[in-house]
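All remarks here apply to the structure that follows.
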Amino acid sequence: MNMLFKSFIAFFLSFTAVAVAQDRCTLNGKVVSDFDSLDGIYVINKTTEKSVTTGRGGYFTIYAGANDTLIFSAVQFTAKNVVLKAEDLNGLLLVPLAPLQHELSELIIVDYSHINSESLGLVPVGQKKYTPAERKLATASTFRMNPLGLDPLINAFSGRTAILKQAAETEKKETLMQKIAYLYSEEDIISKLKIPLDYVQGFIFYVVENKYFAKAVAEKNTEMARFLMAGMADKYRTQLINDK
């Protein structure tokens, strides 16, 4: 009797999932705001874990159904969640977004803009700012950074320039790895993203190789970065299963 009951529950859940999926359709929508530029806004269906970005004028199309949650996220707007109703699936869904504002209780303006390392003559005007690894690479590979020496030519032939390029890329990836810790702790990666303990570090290396994740982090789009990590976790787990 117990086995029969469990079989019935499994059948009921699978039937419900299929029925819900069949109720989904192509949803047409438009983001509205006082901002002129409304393209490139992330529209994420949290329920199906699928996403699109708005096109020119804020228009978007996404596969969705009633009770699905859509997340709208962009650097210049306050993130917004919309739980879809059945009537939202008919016609054009209009989604107003509020510009992201930082309010200060008191603002005191003191103009120190004229005082900097350039105005004090400490560095040349318009000089590019480098990270430590980028500075080593620039010094080793460009005559502009090394006008009196033959280091660029010597380094190119010796392979040192290639090594320094790799060091600069490694530095960028290490920075990304540090930022992952702000999104998910090791415990979160194990419990929420379902990555086995022995493969957590490998998953982090897998994530930092993704250019879309790097772009989301650079744009400080935490919502999209988390969403991308969740999707990559699914692919990584599948890859682990296939490798076995």
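Every chain in the structure tokens takes a letter, A first, then B, and so on in the order presented; its residues are numbered from 1, and the ligands are numbered from 1 following the presented order.
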
Spatial neighbours of Tyr236 of chain A, 9 Å, only C-alpha atoms, chain gap at least 5 places, as an mmCIF file with C-alpha atoms, in the first residue's frame:
```cif
data_model
loop_
_atom_site.group_PDB
_atom_site.id
_atom_site.type_symbol
_atom_site.label_atom_id
_atom_site.label_comp_id
_atom_site.auth_asym_id
_atom_site.auth_seq_id
_atom_site.Cartn_x
_atom_site.Cartn_y
_atom_site.Cartn_z
ATOM 1 C CA ILE A 195 28.197 21.071 -5.789
ATOM 2 C CA PHE A 203 33.540 24.762 -9.929
ATOM 3 C CA TYR A 206 34.867 26.863 -14.086
ATOM 4 C CA GLY A 231 22.903 27.818 -14.450
ATOM 5 C CA ILE A 241 28.067 12.766 -14.039
#
```

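For Gly65 of chain A, the list of residues within 10 Å, based on only C-alpha atoms and with local chain neighbours fewer than 6 positions off taken out, reads Val20, Ala21, Gln22, Asp23, Arg24, Cys25, Thr26, Leu27, Asn45, Thr47, Thr48, Val83, Leu84, Lys85, Ala86, Asp88 and Leu89 of chain A.
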
Worksheet item: At what distance in Å, to one decimal, does atom CA of Thr53 of chain A lie from atom CA of Asn28 of chain A?
Response: 12.4 Å

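Counting only C-alpha atoms, the residue from A:Asn242, A:Ser185, A:Ser37, A:Thr222 that sits nearest to Gly57 of chain A is A:Ser37.
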
Worksheet item: In Å, how far is it from atom CA of Lys220 of chain A to atom CA of Gln239 of chain A?
Response: 28.5 Å

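Every protein, DNA or RNA residue with an atom at most 10 Å from Ala79 of chain A, where only C-alpha atoms count and chain neighbours fewer than 5 positions away do not, is listed here: Tyr42, Ile71, Phe72, Ser73, Ala74, Leu97, Ala98, Pro99, Leu100, Asn221 and Glu223 of chain A.
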
Keeping only C-alpha atoms, write those residues as a PDB file, in the first residue's frame.
```
ATOM      1  CA  TYR A  42      18.018  41.613 -17.932  1.00  0.00           C
ATOM      2  CA  ILE A  71      13.091  39.574 -12.307  1.00  0.00           C
ATOM      3  CA  PHE A  72      14.070  42.844 -13.992  1.00  0.00           C
ATOM      4  CA  SER A  73      17.629  43.899 -13.292  1.00  0.00           C
ATOM      5  CA  ALA A  74      20.021  46.573 -14.593  1.00  0.00           C
ATOM      6  CA  LEU A  97      11.110  50.546 -13.533  1.00  0.00           C
ATOM      7  CA  ALA A  98      12.367  53.157 -11.062  1.00  0.00           C
ATOM      8  CA  PRO A  99      15.825  54.695 -11.598  1.00  0.00           C
ATOM      9  CA  LEU A 100      18.320  53.723  -8.917  1.00  0.00           C
ATOM     10  CA  ASN A 221      24.841  43.133 -11.445  1.00  0.00           C
ATOM     11  CA  GLU A 223      21.235  39.336  -9.505  1.00  0.00           C
TER      12      GLU A 223
END
```

Fill in: Nearest to Lys80 of chain A by atom-to-atom distance, counting only C-alpha atoms, from A:Glu187, A:Ile180, A:Lys46, A:Phe205
A:Lys46

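Reported to one decimal place, the separation of atom CA of Asp188 of chain A from atom CA of Lys211 of chain A is 22.4 Å.
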